[in-house]
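Have a look at entry_35.pdb; it's PDB, C-alpha atoms and all ligand atoms:
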```pdb
ATOM      1  CA  MET A 334    -118.568  39.958 111.551
ATOM      2  CA  ARG A 335    -115.189  40.402 109.958
ATOM      3  CA  GLU A 336    -114.915  36.778 108.796
ATOM      4  CA  LYS A 337    -118.281  36.743 107.065
ATOM      5  CA  ALA A 338    -117.502  40.085 105.454
ATOM      6  CA  SER A 339    -114.232  38.861 104.004
ATOM      7  CA  TYR A 340    -115.954  35.674 102.859
ATOM      8  CA  ASP A 341    -118.580  37.741 101.013
ATOM      9  CA  ARG A 342    -115.870  39.908  99.486
ATOM     10  CA  ASP A 343    -113.789  36.970  98.291
ATOM     11  CA  THR A 344    -116.871  35.249  96.914
ATOM     12  CA  ARG A 345    -117.723  38.323  94.856
ATOM     13  CA  ILE A 346    -114.171  38.614  93.574
ATOM     14  CA  SER A 347    -114.144  34.987  92.452
ATOM     15  CA  ARG A 348    -117.596  35.423  90.839
ATOM     16  CA  ALA A 349    -116.282  38.444  88.982
ATOM     17  CA  LEU A 350    -113.370  36.389  87.650
ATOM     18  CA  ARG A 351    -115.288  33.191  86.967
ATOM     19  CA  ASP A 352    -118.756  34.397  85.937
ATOM     20  CA  VAL A 353    -118.530  37.964  84.745
ATOM     21  CA  LEU A 354    -115.264  38.240  82.800
ATOM     22  CA  PRO A 355    -115.834  35.207  80.528
ATOM     23  CA  LYS A 356    -119.558  35.810  79.983
ATOM     24  CA  TYR A 357    -119.878  39.558  79.614
ATOM     25  CA  ASP A 358    -118.425  42.257  77.407
ATOM     26  CA  ILE A 359    -117.432  45.346  79.328
ATOM     27  CA  LYS A 360    -117.497  48.536  77.288
ATOM     28  CA  GLU A 361    -117.020  52.108  78.339
ATOM     29  CA  VAL A 362    -119.998  54.222  77.314
ATOM     30  CA  ILE A 363    -118.699  57.349  75.634
ATOM     31  CA  GLU A 364    -120.926  60.313  76.353
ATOM     32  CA  THR A 365    -121.121  62.501  73.268
ATOM     33  CA  ARG A 366    -122.960  65.409  74.829
ATOM     34  CA  GLY A 367    -121.684  67.741  77.520
ATOM     35  CA  SER A 368    -118.241  68.177  78.985
ATOM     36  CA  VAL A 369    -115.919  65.475  80.290
ATOM     37  CA  SER A 370    -117.436  64.076  83.449
ATOM     38  CA  ASP A 371    -115.760  62.627  86.504
ATOM     39  CA  LEU A 372    -118.211  59.764  86.237
ATOM     40  CA  VAL A 373    -117.420  57.083  83.701
ATOM     41  CA  LYS A 374    -120.111  54.638  82.646
ATOM     42  CA  PHE A 375    -119.595  51.021  81.625
ATOM     43  CA  ARG A 376    -122.069  48.739  79.910
ATOM     44  CA  VAL A 377    -121.700  45.170  81.158
ATOM     45  CA  LYS A 378    -123.380  43.183  78.407
ATOM     46  CA  SER A 379    -123.963  39.446  78.233
ATOM     47  CA  LYS A 380    -122.125  37.585  75.473
ATOM     48  CA  VAL A 381    -124.657  34.755  75.718
ATOM     49  CA  PRO A 382    -127.968  36.203  74.490
ATOM     50  CA  GLU A 383    -129.820  32.874  74.573
ATOM     51  CA  LYS A 384    -129.247  32.635  78.300
ATOM     52  CA  ALA A 385    -131.073  35.931  78.727
ATOM     53  CA  LEU A 386    -128.663  37.308  81.245
ATOM     54  CA  SER A 387    -129.416  40.908  82.045
ATOM     55  CA  ASP A 388    -127.154  43.759  81.008
ATOM     56  CA  TYR A 389    -125.962  46.102  83.713
ATOM     57  CA  GLU A 390    -124.537  49.561  84.003
ATOM     58  CA  VAL A 391    -121.616  50.347  86.298
ATOM     59  CA  VAL A 392    -120.699  53.951  87.069
ATOM     60  CA  VAL A 393    -117.269  54.791  88.489
ATOM     61  CA  SER A 394    -115.848  58.128  89.609
ATOM     62  CA  ARG A 395    -112.427  58.692  87.988
ATOM     63  CA  GLU A 396    -111.382  60.804  90.958
ATOM     64  CA  TRP A 397    -112.818  58.317  93.468
ATOM     65  CA  LYS A 398    -115.237  60.954  94.772
ATOM     66  CA  VAL A 399    -118.112  58.528  95.220
ATOM     67  CA  PRO A 400    -118.164  54.740  95.489
ATOM     68  CA  PRO A 401    -118.776  52.874  92.214
ATOM     69  CA  SER A 402    -122.369  51.825  91.614
ATOM     70  CA  CYS A 403    -124.144  49.147  89.577
ATOM     71  CA  ASN A 404    -127.835  48.814  88.774
ATOM     72  CA  CYS A 405    -128.017  45.083  89.546
ATOM     73  CA  PRO A 406    -129.942  43.975  92.677
ATOM     74  CA  ASP A 407    -126.762  43.173  94.597
ATOM     75  CA  GLY A 408    -125.248  46.506  93.546
ATOM     76  CA  ALA A 409    -128.259  48.360  94.936
ATOM     77  CA  ARG A 410    -127.862  46.564  98.257
ATOM     78  CA  ARG A 411    -124.101  47.177  98.302
ATOM     79  CA  ALA A 412    -124.722  50.892  97.982
ATOM     80  CA  SER A 413    -126.062  50.983 101.535
ATOM     81  CA  VAL A 414    -123.799  48.399 103.195
ATOM     82  CA  ALA A 415    -120.482  49.069 101.374
ATOM     83  CA  GLY A 416    -118.550  46.683  99.162
ATOM     84  CA  TYR A 417    -118.926  46.156  95.412
ATOM     85  CA  CYS A 418    -121.009  43.719  93.375
ATOM     86  CA  LYS A 419    -119.293  41.287  90.974
ATOM     87  CA  HIS A 420    -119.945  43.528  87.931
ATOM     88  CA  THR A 421    -118.265  46.478  89.590
ATOM     89  CA  ILE A 422    -115.311  44.284  90.590
ATOM     90  CA  ALA A 423    -115.011  43.012  86.985
ATOM     91  CA  VAL A 424    -115.030  46.579  85.640
ATOM     92  CA  LEU A 425    -112.378  47.714  88.109
ATOM     93  CA  LEU A 426    -110.148  44.688  87.468
ATOM     94  CA  THR A 427    -110.128  45.252  83.721
ATOM     95  CA  ASN A 428    -109.452  48.990  83.796
ATOM     96  CA  SER A 429    -105.923  50.021  84.687
ATOM     97  CA  GLU A 430    -106.948  53.598  85.467
ATOM     98  CA  LEU A 431    -109.595  52.482  87.966
ATOM     99  CA  SER A 432    -108.224  49.225  89.372
ATOM    100  CA  CYS A 433    -106.635  51.026  92.343
ATOM    101  CA  GLN A 434    -110.166  51.496  93.687
ATOM    102  CA  MET A 435    -110.283  47.759  94.407
ATOM    103  CA  ILE A 436    -108.358  48.508  97.594
ATOM    104  CA  GLU A 437    -111.541  49.996  99.016
ATOM    105  CA  LEU A 438    -112.816  46.439  99.465
ATOM    106  CA  TYR A 439    -109.963  45.708 101.848
ATOM    107  CA  LEU A 440    -110.229  48.916 103.829
ATOM    108  CA  ARG A 441    -113.749  48.251 105.042
ATOM    109  CA  ASP A 442    -115.101  45.461 107.165
ATOM    110  CA  ASN A 443    -118.117  44.640 105.051
TER     111      ASN A 443
HETATM  112 ZN    ZN B 501    -123.732  44.550  89.622
END
```
Can you dump the structure from the file as structure tokens?
Ligand SMILES: [Zn+2]
Amino acid sequence: MREKASYDRDTRISRALRDVLPKYDIKEVIETRGSVSDLVKFRVKSKVPEKALSDYEVVVSREWKVPPSCNCPDGARRASVAGYCKHTIAVLLTNSELSCQMIELYLRDN
């Protein structure tokens, strides 16, 4: 199902650009306790409170040891079938240190 997979991927990328980037603030969560972790956490927070959009948390491995994860429903599903949700894509696109991990979407079929 290569064609459907690439359709799903491109749909998520355009949703990240069209829906997530203009409507959410993406902030790195700085952990104050403990040592520097490989895992970096981002809060994806709605800029439109009256629309009651949920806030999400995306976790990315700096060293690419594990796939990025997001606690949205699509993110939970992606964790078992590969690919990233639109929040994860938005985080990766806006972070120059992590954007190279976007290539993962093109290396897999789904
Ligand atoms: Zn998500």
Residues of chain A that approach ligand ZN 501 (chain B) to 8 Å or less, counting all atoms listed in the file: could you list each one with the shortest pair of atoms and its distance in Å to one decimal, rows by chain and increasing residue number, as a Markdown table?
```
| residue | atom | partner | partner_atom | distance |
| --- | --- | --- | --- | --- |
| A:Tyr389 | CA | B:ZN501 | ZN | 6.5 |
| A:Glu390 | CA | B:ZN501 | ZN | 7.6 |
| A:Val391 | CA | B:ZN501 | ZN | 7.0 |
| A:Ser402 | CA | B:ZN501 | ZN | 7.7 |
| A:Cys403 | CA | B:ZN501 | ZN | 4.6 |
| A:Asn404 | CA | B:ZN501 | ZN | 6.0 |
| A:Cys405 | CA | B:ZN501 | ZN | 4.3 |
| A:Pro406 | CA | B:ZN501 | ZN | 6.9 |
| A:Asp407 | CA | B:ZN501 | ZN | 6.0 |
| A:Gly408 | CA | B:ZN501 | ZN | 4.6 |
| A:Ala409 | CA | B:ZN501 | ZN | 8.0 |
| A:Tyr417 | CA | B:ZN501 | ZN | 7.7 |
| A:Cys418 | CA | B:ZN501 | ZN | 4.7 |
| A:Lys419 | CA | B:ZN501 | ZN | 5.7 |
| A:His420 | CA | B:ZN501 | ZN | 4.3 |
| A:Thr421 | CA | B:ZN501 | ZN | 5.8 |
```
Between atom CA of Lys380 of chain A and atom CA of Leu426 of chain A, measure the distance and give it in Å to one decimal.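 Pair atom CA of Lys380 of chain A / atom CA of Leu426 of chain A returns 18.4 Å.
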Translate the PyMOL selection byres (((chain A and resi 374) around 6) and not hetatm), as applied to the file shown, into an explicit residue set as a ChimeraX atom specification. /A:361-362,373,375,391-392
Just the selected residues (C-alpha atoms), exported as a PDB file, keeping the file's coordinate frame, please.
```pdb
ATOM      1  CA  GLU A 361    -117.020  52.108  78.339  1.00  0.00           C
ATOM      2  CA  VAL A 362    -119.998  54.222  77.314  1.00  0.00           C
ATOM      3  CA  VAL A 373    -117.420  57.083  83.701  1.00  0.00           C
ATOM      4  CA  PHE A 375    -119.595  51.021  81.625  1.00  0.00           C
ATOM      5  CA  VAL A 391    -121.616  50.347  86.298  1.00  0.00           C
ATOM      6  CA  VAL A 392    -120.699  53.951  87.069  1.00  0.00           C
TER       7      VAL A 392
END
```
Written as number ranges by chain, which residues does the PyMOL selection byres (((chain A and resi 432) around 12) and not hetatm) give for the file shown? A: 393-395, 397, 401, 421-431, 433-438
Atom pair atom CA of Ser339 of chain A / atom CA of Pro400 of chain A: separation (Å): 18.4 Å
Mind pulling up the distance from atom CA of Thr344 of chain A to atom CA of Lys378 of chain A?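 Value for the atom CA of Lys378 of chain A-atom CA of Thr344 of chain A distance: 21.2 Å.
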Draw an axis-aligned box tight on the listed atoms of segment 419-428 of chain A, then pad every side by 4 Å and write out centre and edge lengths in Å to one decimal as AutoDock Vina command-line options.
```
--center_x -114.7 --center_y 45.1 --center_z 87.3 --size_x 18.5 --size_y 15.7 --size_z 15.3
```
So what does the PyMOL selection byres (((chain A and resi 357) around 7) and not hetatm) actually pick up in this one, as a list in words?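 Residues picked by the PyMOL selection byres (((chain A and resi 357) around 7) and not hetatm): Val353, Leu354, Pro355, Lys356, Asp358, Ile359, Val377, Lys378, Ser379 and Lys380 of chain A.
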